[in-house]
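Asker: One structure, as structure tokens, below. Some questions next.
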Amino acid sequence: MLLFLIGSFLFGCTPKTAPSAGADVNVLSRKEQKEGYVSLFDGHSLNNWIDGNNQYEVRENAIVKKTKGYGNLYSRNEYRDCILRFEFLLTPAANNGLGFHHKLVEGKKGYDGIELQILDNAADVYKALKPYQYHGSLYGYVPAKRNGLKPAGVWNFQEVTVRGSKIKIVLNGEVILDTDVKALPAATLAKDPRLLYEKGHIAFLGHDSEIRIRNIRVREL
């Protein structure tokens, strides 16, 4: 130890310590500020969100969906065309959803808008799902590519662009969904008019499992 300290003094080297957890989390970059992004989570509170069923809490600089129970978390503001960026961490077999153009729904289950799946694809319990039920899919309609998702316990970065009826998802740098809702059959759109909503809340749709979310920011187009 003494030799290490002497060497550090002579050569100008000092021991490096890891930054504190969350030190640079939930803060907009200068580039994002110039581009017009707005943060939806400050790392400390749910002030920008509506949690009608008390299913979400803030822990360790992240929004955490509680392990047990169902419930949706809605942005206080409504959005039309936008780019949403966020990071998420899945627990094993985690299941959630990302909603756009949602209307507020009372009760613990159900949703009213578009749902994009959030799922631990690798969990054994999900081996037999339909292709349109895996992560990133326009749930029930358009399957996403099953690329890019990191294992449970590791943070992922996702960017979703919603422009009119077009939806594009980039997961950890890979495009996994690029679709136009209006390209679905007319009978499908008539049966599920929620697909054509033009404005509404951003939502996280909780499904009886824990996920963590942070660095949530949005840019209106």
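Identifiers for the structure tokens are assigned positionally: chains receive A, B, ... in sequence, residues are indexed from 1 per chain, and ligands are indexed from 1 in the order shown.
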Using DSSP on the backbone coordinates, identify all residues within stretch 3-220 of chain A classified as strand (DSSP E); present the result as a VMD selection string.
Answerer: chain A and resid 38 to 39 49 to 51 56 to 59 62 to 65 70 to 79 82 to 90 95 to 102 114 to 119 155 to 163 166 to 171 174 to 180 200 to 207 211 to 220
Asker: Would you mind listing, for every residue of stretch 128-211 of chain A within 8 Å of stretch 95-101 of chain A, the two atoms forming the shortest contact and the distance between them in Å to one decimal, using only C-alpha atoms, sorted by chain and ascending residue number, as a tab-separated table?
Answerer:
```
residue	atom	partner	partner_atom	distance
A:Tyr197	CA	A:His101	CA	5.9
A:Glu198	CA	A:His101	CA	6.2
A:Lys199	CA	A:His101	CA	4.6
A:Gly200	CA	A:His101	CA	3.5
A:His201	CA	A:His101	CA	5.2
A:Ile202	CA	A:Phe100	CA	4.8
A:Ala203	CA	A:Gly99	CA	4.5
A:Phe204	CA	A:Leu98	CA	4.8
A:Leu205	CA	A:Gly97	CA	4.6
A:Gly206	CA	A:Asn96	CA	5.0
A:His207	CA	A:Asn96	CA	5.3
A:Asp208	CA	A:Asn95	CA	7.5
A:Ser209	CA	A:Asn95	CA	6.2
A:Glu210	CA	A:Asn95	CA	7.9
A:Ile211	CA	A:Asn96	CA	7.6
```
Asker: Just the residues within 8 Å of A:Trp49, please, counting only C-alpha atoms, with nothing from its chain fewer than 4 positions along; format it as a PyMOL selection string.
Answerer: chain A and resi 73-76
Asker: For those residues, write N, CA and C atoms to a file as an mmCIF file, in the first residue's frame.
Answerer:
```
data_model
loop_
_atom_site.group_PDB
_atom_site.id
_atom_site.type_symbol
_atom_site.label_atom_id
_atom_site.label_comp_id
_atom_site.auth_asym_id
_atom_site.auth_seq_id
_atom_site.Cartn_x
_atom_site.Cartn_y
_atom_site.Cartn_z
ATOM 1 N N LEU A 73 -49.623 3.011 -15.731
ATOM 2 C CA LEU A 73 -49.002 4.286 -15.372
ATOM 3 C C LEU A 73 -49.088 5.193 -16.584
ATOM 4 N N TYR A 74 -49.806 6.326 -16.448
ATOM 5 C CA TYR A 74 -50.063 7.211 -17.581
ATOM 6 C C TYR A 74 -49.295 8.525 -17.458
ATOM 7 N N SER A 75 -48.779 9.016 -18.562
ATOM 8 C CA SER A 75 -48.205 10.368 -18.570
ATOM 9 C C SER A 75 -49.314 11.369 -18.284
ATOM 10 N N ARG A 76 -48.986 12.429 -17.557
ATOM 11 C CA ARG A 76 -50.010 13.439 -17.266
ATOM 12 C C ARG A 76 -50.444 14.171 -18.535
#
```
Asker: To one decimal place, how far is atom CA of A:Val38 from atom CA of A:Arg219 in Å?
Answerer: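 Computed distance, atom CA of A:Val38 to atom CA of A:Arg219, equals 6.3 Å.
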Asker: Tell me which of A:Lys166, A:Arg146, A:Tyr139, A:Ile213 sits closest to A:Leu90, counting only C-alpha atoms.
Answerer: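 When distances to A:Leu90 are compared using only C-alpha atoms, the smallest one comes from A:Ile213.
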Asker: Looking only at helix (DSSP H, G or I) from DSSP on the backbone, list the matching residues of stretch 2-123 of chain A as a VMD selection string.
Answerer: chain A and resid 2 to 11 30 to 35
Asker: Leaving out A:Ala94 and any residue of its chain fewer than 4 positions from it, which residues lie within 12 Å of it when counting only C-alpha atoms, given as a count of residues only?
Answerer: 31
Asker: Determine, counting only C-alpha atoms, which protein, DNA and RNA residues have an atom within 12 Å of an atom of stretch 33-36 of chain A; residues of the same chain fewer than 6 positions away are not included. Present the result as a VMD selection string.
Answerer: chain A and resid 27 82 to 84 217 to 221
Asker: Near A:Ile216, counting only C-alpha atoms, which residues have an atom at most 8 Å away, once you skip same-chain residues fewer than 6 positions from it, shown as a PDB file with C-alpha atoms, in the first residue's frame?
Answerer:
```pdb
ATOM      1  CA  ASN A  26     -32.443  10.918 -15.786  1.00  0.00           C
ATOM      2  CA  SER A  39     -37.695  14.686 -19.353  1.00  0.00           C
ATOM      3  CA  LEU A  40     -40.704  12.799 -17.984  1.00  0.00           C
ATOM      4  CA  PHE A  41     -38.922  11.455 -14.914  1.00  0.00           C
ATOM      5  CA  LEU A  84     -39.992   8.508 -26.822  1.00  0.00           C
ATOM      6  CA  ARG A  85     -36.668   7.379 -25.395  1.00  0.00           C
ATOM      7  CA  PHE A  86     -36.280   5.345 -22.234  1.00  0.00           C
ATOM      8  CA  GLU A  87     -34.260   2.651 -20.544  1.00  0.00           C
TER       9      GLU A  87
END
```
Asker: Just give me the gap between atom CA of A:Gln133 and atom CA of A:Lys108 in Å, one decimal is fine.
Answerer: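 Result for atom CA of A:Gln133 versus atom CA of A:Lys108: 20.8 Å, one decimal.
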Asker: Could you please determine the separation between atom CA of A:Tyr37 and atom CA of A:Val170 in Å, to one decimal place?
Answerer: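 Those two atoms sit 17.1 Å apart.
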Asker: Which residue is closest to A:Pro185? Choose from A:Ile169, A:Val160, A:Val142, A:Leu104 and count only C-alpha atoms.
Answerer: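 Among the listed residues, the smallest separation from A:Pro185 belongs to A:Val142.
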Asker: Counting only C-alpha atoms, figure out which residue out of A:Lys127, A:Arg163, A:Arg59, A:His102 gets nearest to A:Asp81.
Answerer: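 Checking each of A:Lys127, A:Arg163, A:Arg59, A:His102 against A:Asp81, counting only C-alpha atoms, the winner is A:Arg163.
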